[in-house]
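Source file: run21.txt (compact mmCIF, C-alpha atoms (C1' of nucleotides))
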# COMPACT_ATOMS: atom_id res chain seq x y z
CA MET X 1 103.80 57.75 -92.63
CA ALA X 2 101.55 58.81 -95.48
CA PRO X 3 99.51 55.87 -96.77
CA ASP X 4 99.64 54.61 -100.33
CA THR X 5 103.10 55.94 -101.14
CA PRO X 6 105.66 53.54 -102.62
CA ASP X 7 107.78 53.99 -99.51
CA THR X 8 104.98 53.02 -97.14
CA LEU X 9 103.92 50.12 -99.31
CA PHE X 10 107.39 48.67 -99.71
CA LYS X 11 108.05 48.98 -96.00
CA SER X 12 104.70 47.45 -95.08
CA LEU X 13 105.14 44.47 -97.38
CA ALA X 14 108.82 43.88 -96.62
CA ASP X 15 108.11 41.83 -93.50
CA PRO X 16 107.23 38.20 -94.37
CA THR X 17 104.75 37.74 -91.53
CA ARG X 18 102.94 40.94 -92.39
CA ARG X 19 102.90 40.18 -96.10
CA ALA X 20 101.58 36.67 -95.39
CA ILE X 21 98.68 38.17 -93.46
CA PHE X 22 97.87 40.48 -96.35
CA GLU X 23 98.12 37.60 -98.81
CA ARG X 24 95.69 35.52 -96.77
CA LEU X 25 93.22 38.38 -96.72
CA CYS X 26 93.55 38.71 -100.50
CA ARG X 27 93.17 34.98 -101.11
CA GLU X 28 90.59 34.05 -98.52
CA GLY X 29 88.67 37.25 -97.99
CA GLU X 30 87.56 38.87 -94.77
CA LYS X 31 88.85 37.29 -91.55
CA THR X 32 88.77 37.98 -87.82
CA VAL X 33 91.91 38.56 -85.81
CA GLY X 34 91.47 35.16 -84.18
CA ALA X 35 91.21 33.40 -87.50
CA LEU X 36 94.30 35.19 -88.76
CA THR X 37 96.23 34.36 -85.61
CA ALA X 38 95.54 30.66 -86.16
CA GLY X 39 98.17 29.73 -88.71
CA ALA X 40 100.16 32.95 -88.51
CA GLY X 41 102.87 31.36 -86.40
CA VAL X 42 103.02 34.34 -84.05
CA SER X 43 101.03 35.53 -81.05
CA GLN X 44 97.76 37.41 -81.26
CA PRO X 45 99.22 40.78 -80.18
CA VAL X 46 101.75 40.53 -82.97
CA VAL X 47 98.99 39.90 -85.48
CA SER X 48 97.08 42.90 -84.15
CA LYS X 49 100.16 45.07 -84.46
CA HIS X 50 100.77 43.99 -88.04
CA LEU X 51 97.13 44.59 -88.91
CA GLY X 52 97.44 48.07 -87.43
CA LEU X 53 100.40 48.83 -89.70
CA LEU X 54 98.65 47.39 -92.75
CA LYS X 55 95.65 49.56 -91.96
CA GLN X 56 97.81 52.67 -91.64
CA ALA X 57 99.31 51.85 -95.02
CA GLY X 58 95.82 51.67 -96.50
CA LEU X 59 96.23 48.01 -97.41
CA VAL X 60 93.41 46.69 -95.20
CA GLN X 61 90.23 47.92 -93.59
CA ASP X 62 88.51 46.77 -90.44
CA ARG X 63 84.92 46.27 -89.42
CA HIS X 64 83.88 45.90 -85.78
CA GLN X 65 81.14 43.46 -84.91
CA GLY X 66 80.64 42.80 -81.24
CA ARG X 67 83.91 41.77 -79.71
CA GLN X 68 85.39 40.64 -82.99
CA THR X 69 87.18 42.76 -85.58
CA HIS X 70 86.93 41.68 -89.20
CA TYR X 71 89.74 42.68 -91.51
CA SER X 72 89.70 42.65 -95.30
CA ALA X 73 92.25 43.53 -97.97
CA LEU X 74 92.16 46.64 -100.12
CA PRO X 75 94.30 45.55 -103.08
CA GLY X 76 93.56 48.84 -104.80
CA ALA X 77 96.16 50.27 -102.47
CA LEU X 78 98.76 48.42 -104.51
CA ALA X 79 98.27 50.82 -107.41
CA PRO X 80 101.26 53.06 -106.53
CA LEU X 81 103.43 49.95 -106.54
CA VAL X 82 102.25 48.99 -109.99
CA ASP X 83 102.83 52.54 -111.20
CA TRP X 84 106.31 52.59 -109.72
CA THR X 85 107.41 49.34 -111.35
CA ARG X 86 105.93 50.47 -114.65
CA GLU X 87 107.82 53.73 -114.39
CA MET X 88 111.12 51.99 -113.71
CA SER X 89 110.59 49.58 -116.58
CA ALA X 90 109.65 52.47 -118.84
CA PHE X 91 112.94 54.23 -118.21
CA TRP X 92 114.65 51.00 -119.05
CA GLU X 93 112.74 50.50 -122.28
CA GLY X 94 113.32 54.08 -123.34
CA ARG X 95 117.07 54.01 -123.06
CA PHE X 96 119.32 52.57 -125.77
CA ASP X 97 122.47 54.53 -125.21
CA ASP X 98 124.90 51.85 -124.22
CA LEU X 99 126.22 48.78 -125.91
CA GLU X 100 124.68 46.29 -123.54
CA ASN X 101 121.17 47.54 -124.12
CA LEU X 102 121.72 47.56 -127.83
CA LEU X 103 122.98 43.99 -127.79
CA LYS X 104 120.06 42.89 -125.64
CA ARG X 105 117.58 44.32 -128.11
CA MET X 106 119.38 42.84 -131.10
CA ASP X 107 119.20 39.52 -129.34
CA GLN X 108 115.44 39.41 -129.47
CA MET Q 1 118.74 35.40 -99.48
CA ALA Q 2 117.64 33.99 -102.82
CA PRO Q 3 117.56 36.72 -105.47
CA ASP Q 4 114.45 37.69 -107.41
CA THR Q 5 111.92 36.46 -104.85
CA PRO Q 6 109.17 38.83 -103.72
CA ASP Q 7 110.62 38.73 -100.22
CA THR Q 8 114.09 39.78 -101.35
CA LEU Q 9 112.73 42.43 -103.68
CA PHE Q 10 110.42 44.00 -101.10
CA LYS Q 11 113.19 44.03 -98.50
CA SER Q 12 115.70 45.48 -100.95
CA LEU Q 13 113.41 48.26 -102.08
CA ALA Q 14 112.00 49.08 -98.65
CA ASP Q 15 114.89 51.36 -97.72
CA PRO Q 16 114.49 54.87 -99.22
CA THR Q 17 118.19 55.46 -99.78
CA ARG Q 18 118.62 52.12 -101.50
CA ARG Q 19 115.51 52.56 -103.61
CA ALA Q 20 116.67 56.04 -104.62
CA ILE Q 21 119.95 54.59 -105.87
CA PHE Q 22 118.08 52.01 -107.92
CA GLU Q 23 115.76 54.69 -109.29
CA ARG Q 24 118.70 56.82 -110.38
CA LEU Q 25 120.22 53.87 -112.18
CA CYS Q 26 116.91 53.24 -113.92
CA ARG Q 27 116.43 56.88 -114.89
CA GLU Q 28 119.97 57.91 -115.71
CA GLY Q 29 121.62 54.67 -116.75
CA GLU Q 30 125.00 53.29 -115.77
CA LYS Q 31 126.90 55.20 -113.09
CA THR Q 32 130.08 54.83 -111.06
CA VAL Q 33 130.06 54.56 -107.29
CA GLY Q 34 131.51 58.04 -107.05
CA ALA Q 35 128.80 59.52 -109.25
CA LEU Q 36 126.12 57.77 -107.19
CA THR Q 37 127.66 58.95 -103.93
CA ALA Q 38 127.41 62.55 -105.13
CA GLY Q 39 123.79 63.36 -104.42
CA ALA Q 40 123.00 60.28 -102.36
CA GLY Q 41 123.21 62.15 -99.09
CA VAL Q 42 125.22 59.41 -97.42
CA SER Q 43 128.86 58.40 -97.35
CA GLN Q 44 130.58 56.34 -100.03
CA PRO Q 45 130.82 53.14 -97.94
CA VAL Q 46 127.07 53.25 -97.41
CA VAL Q 47 126.50 53.54 -101.14
CA SER Q 48 128.81 50.60 -101.73
CA LYS Q 49 126.95 48.54 -99.15
CA HIS Q 50 123.56 49.33 -100.69
CA LEU Q 51 124.88 48.50 -104.15
CA GLY Q 52 126.11 45.18 -102.78
CA LEU Q 53 122.63 44.36 -101.50
CA LEU Q 54 120.97 45.47 -104.74
CA LYS Q 55 123.38 43.24 -106.63
CA GLN Q 56 122.61 40.26 -104.39
CA ALA Q 57 118.93 40.87 -105.06
CA GLY Q 58 119.59 40.77 -108.79
CA LEU Q 59 118.45 44.35 -109.25
CA VAL Q 60 121.77 45.73 -110.49
CA GLN Q 61 124.93 44.50 -112.16
CA ASP Q 62 128.45 45.85 -111.96
CA ARG Q 63 131.28 46.27 -114.42
CA HIS Q 64 134.84 46.92 -113.35
CA GLN Q 65 136.96 49.32 -115.35
CA GLY Q 66 140.27 50.26 -113.82
CA ARG Q 67 139.69 51.53 -110.33
CA GLN Q 68 136.08 52.44 -110.99
CA THR Q 69 133.06 50.21 -110.76
CA HIS Q 70 130.12 50.96 -113.02
CA TYR Q 71 126.69 49.88 -111.86
CA SER Q 72 123.55 49.58 -113.97
CA ALA Q 73 119.96 48.59 -113.23
CA LEU Q 74 118.36 45.31 -114.23
CA PRO Q 75 114.66 46.25 -114.14
CA GLY Q 76 113.78 42.78 -115.41
CA ALA Q 77 114.36 41.66 -111.85
CA LEU Q 78 111.15 43.47 -110.94
CA ALA Q 79 109.09 40.82 -112.73
CA PRO Q 80 108.30 38.78 -109.58
CA LEU Q 81 106.98 41.97 -108.02
CA VAL Q 82 104.69 42.61 -110.95
CA ASP Q 83 103.50 39.01 -110.83
CA TRP Q 84 102.85 39.21 -107.12
CA THR Q 85 100.74 42.36 -107.35
CA ARG Q 86 98.85 40.92 -110.28
CA GLU Q 87 98.15 37.77 -108.31
CA MET Q 88 96.85 39.70 -105.32
CA SER Q 89 94.65 41.86 -107.51
CA ALA Q 90 93.39 38.76 -109.29
CA PHE Q 91 92.20 37.21 -106.05
CA TRP Q 92 90.43 40.43 -105.35
CA GLU Q 93 88.76 40.60 -108.74
CA GLY Q 94 87.69 36.97 -108.53
CA ARG Q 95 85.85 37.27 -105.27
CA PHE Q 96 82.34 38.64 -104.99
CA ASP Q 97 81.12 36.81 -101.95
CA ASP Q 98 80.52 39.58 -99.49
CA LEU Q 99 78.23 42.54 -99.44
CA GLU Q 100 80.95 45.16 -99.49
CA ASN Q 101 82.47 43.84 -102.66
CA LEU Q 102 79.09 43.64 -104.26
CA LEU Q 103 78.26 47.20 -103.32
CA LYS Q 104 81.62 48.41 -104.57
CA ARG Q 105 81.02 46.82 -107.93
CA MET Q 106 77.48 48.16 -108.17
CA ASP Q 107 78.90 51.56 -107.40
CA GLN Q 108 80.92 51.68 -110.59
C1' DT W 1 158.43 55.43 -107.79
C1' DC W 2 155.17 57.92 -105.27
C1' DA W 3 151.12 60.48 -104.29
C1' DA W 4 146.46 60.59 -105.18
C1' DT W 5 142.06 58.57 -106.42
C1' DC W 6 138.42 55.00 -106.38
C1' DC W 7 136.09 51.63 -104.10
C1' DA W 8 135.29 47.75 -100.80
C1' DT W 9 135.65 45.99 -96.28
C1' DA W 10 135.92 46.17 -91.15
C1' DA W 11 134.59 47.75 -86.82
C1' DC W 12 131.47 50.06 -84.35
C1' DC W 13 127.14 52.53 -82.75
C1' DA W 14 122.29 54.19 -82.21
C1' DG W 15 117.85 53.53 -83.37
C1' DA W 16 114.20 50.82 -85.49
C1' DT W 17 111.68 46.66 -85.38
C1' DG W 18 109.57 42.14 -84.72
C1' DG W 19 108.74 39.16 -81.17
C1' DA W 20 106.96 37.64 -76.35
C1' DT W 21 104.19 38.26 -72.08
C1' DA W 22 101.05 40.90 -69.19
C1' DT W 23 96.99 43.39 -68.86
C1' DG W 24 92.57 45.40 -69.42
C1' DG W 25 88.26 46.97 -71.86
C1' DA W 26 84.30 45.42 -74.29
C1' DT W 27 81.14 41.99 -75.43
C1' DT W 28 78.83 37.64 -75.14
C1' DG W 29 76.73 33.47 -72.94
C1' DC W 30 75.17 31.17 -69.03
C1' DG B 1 75.79 39.23 -62.45
C1' DC B 2 79.79 36.65 -63.70
C1' DA B 3 82.97 33.98 -66.16
C1' DA B 4 84.81 33.56 -70.52
C1' DT B 5 86.13 35.22 -75.03
C1' DC B 6 88.04 38.57 -78.31
C1' DC B 7 91.07 42.02 -79.29
C1' DA B 8 94.09 46.14 -78.50
C1' DT B 9 97.55 48.27 -75.85
C1' DA B 10 101.72 48.50 -72.84
C1' DT B 11 106.11 47.00 -71.66
C1' DC B 12 110.12 44.83 -72.44
C1' DC B 13 113.88 42.47 -74.97
C1' DA B 14 117.01 40.66 -78.68
C1' DT B 15 118.13 41.36 -83.07
C1' DC B 16 118.51 43.67 -87.40
C1' DT B 17 119.94 47.49 -89.94
C1' DG B 18 121.44 51.84 -91.74
C1' DG B 19 124.68 55.03 -90.67
C1' DT B 20 129.49 56.61 -89.40
C1' DT B 21 134.80 56.58 -89.46
C1' DA B 22 139.02 54.03 -90.34
C1' DT B 23 141.60 51.40 -93.39
C1' DG B 24 143.69 49.17 -97.19
C1' DG B 25 144.10 47.19 -101.95
C1' DA B 26 144.16 48.42 -106.71
C1' DT B 27 144.81 51.59 -110.26
C1' DT B 28 146.13 55.86 -112.34
C1' DG B 29 149.05 59.94 -113.30
C1' DA B 30 152.96 62.67 -112.67
Since I need it in another form, could you write the structure as structure tokens?
Amino acid sequence: MAPDTPDTLFKSLADPTRRAIFERLCREGEKTVGALTAGAGVSQPVVSKHLGLLKQAGLVQDRHQGRQTHYSALPGALAPLVDWTREMSAFWEGRFDDLENLLKRMDQ
Amino acid sequence: MAPDTPDTLFKSLADPTRRAIFERLCREGEKTVGALTAGAGVSQPVVSKHLGLLKQAGLVQDRHQGRQTHYSALPGALAPLVDWTREMSAFWEGRFDDLENLLKRMDQ
DNA sequence: TCAATCCATAACCAGATGGATATGGATTGC
DNA sequence: GCAATCCATATCCATCTGGTTATGGATTGA
């Protein structure tokens, strides 16, 4: 799946375990697979698999150092998501052709 | 699943068919199930099921008129998504404790 | 009233997916 | 060199999920 598309991003972040891993990397910075496994609530192979998917999606990068692999977040990859939500909201803001929208705006 | 949480929103928008329906509602405004089915590429029951999930997630609302049901988008429900991405980016911006981040910033 | 239309629900199926365990390669420490 | 550690891959399994067809209730129109 092509990285950095809304589809890939939504799919990658839809799983709670996977999203939690990404969140930890965003909050706490670079971490090894072992460190991520501690507290993930799932086995190490599962963590590795999720990290592989996050990497494919362009959301994380890895750095090999000896027998450890350090992963870190690439929050810039979230840009297409931001664009998408902005686009959807923009369509909403730009449309005033039904009564409900009109009433909502008059309500403000 | 509780509506309007990042988890529910990501899951709801992860499916391409479902997201396409939501996008159409955002772009083109209120539509009946029949109108949405035309061009969705899937059968009418599938469209109904997706609309049911989108409604549970708080992303759409429905309005019954005779034998038709009109659905419309509620893009305000995307707010938790926007907040979440902002939060992740904020963690990123606030951290300058490793060499790679430093180099990236010096690069700009 | 009766046929047709619109939509939701039910039942079912195939494939995707998240999880576990088993294993093995690479690296480190003794 | 050898045992131990770290991680990725392989295999397998149960469940979830997105799709189909079948059906039926409600409403409309003739």
> At most 8 Å from (85.9, 42.7, -82.6), file frame, all atoms listed in the file: which residues, as a VMD selection string?
Replying inline: (chain X and resid 32 to 33 63 to 70) or (chain B and resid 6 to 7)
Taking only residues of chain X that have an atom at most 12 Å from an atom of chain W, what is each one's shortest atom pair and its distance in Å to one decimal, using only C-alpha atoms (C1' of nucleotides), in chain and number order, as a tab-separated table?
residue	atom	partner	partner_atom	distance
X:Lys11	CA	W:DT17	C1'	11.5
X:Ser12	CA	W:DT17	C1'	12.0
X:Ala14	CA	W:DT17	C1'	11.9
X:Asp15	CA	W:DG18	C1'	8.9
X:Pro16	CA	W:DG18	C1'	10.7
X:Thr17	CA	W:DG18	C1'	9.4
X:Arg18	CA	W:DG18	C1'	10.2
X:Gly41	CA	W:DG19	C1'	11.1
X:Val42	CA	W:DG19	C1'	8.0
X:Ser43	CA	W:DA20	C1'	7.9
X:Gln44	CA	W:DA20	C1'	10.4
X:Pro45	CA	W:DA20	C1'	9.2
X:Val46	CA	W:DG19	C1'	7.3
X:Val47	CA	W:DG19	C1'	10.7
X:Lys49	CA	W:DG18	C1'	9.9
X:His50	CA	W:DG18	C1'	9.6
X:His64	CA	W:DT27	C1'	11.4
X:Gln65	CA	W:DT27	C1'	9.6
X:Gly66	CA	W:DT27	C1'	5.9
X:Arg67	CA	W:DT27	C1'	5.1
X:Gln68	CA	W:DT27	C1'	8.8
X:Thr69	CA	W:DT27	C1'	11.8
Residue hits in chain B, query chain Q, radius 10 Å, all atoms listed in the file, as a ChimeraX atom specification:
/B:18-21,26-28
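Each of X:Ala2, X:Leu59, X:Leu53, X:Cys26 was compared to chain Q using all atoms listed in the file, and X:Cys26 turns out to be the nearest.
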Counting all atoms listed in the file, a student should be able to say which residues of chain X come within 9 Å of chain Q; what is the right answer, written as a PyMOL selection string?
chain X and resi 6-16+19+23+26-30+73-76+78-79+81-82+85-86+88-92+95+97-98
re atom CA of Q:Ala40 and atom CA of Q:Asp4: distance 24.7 Å
One decimal, Å: what's the distance from atom CA of X:Tyr71 over to atom C1' of B:DT5, could you say?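 Going from atom CA of X:Tyr71 over to atom C1' of B:DT5, I get 18.4 Å.
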In Å and to one decimal, atom CA of X:Leu51 is distant from atom CA of X:Ala20 by 11.2 Å
The centre and edge lengths of an axis-aligned box containing all atoms of stretch 1-19 of chain B present in the file, extended by 3 Å on each side, are to be given in Å to one decimal, as JSON.
{"center_x": 100.2, "center_y": 44.3, "center_z": -77.1, "size_x": 54.9, "size_y": 27.5, "size_z": 35.3}
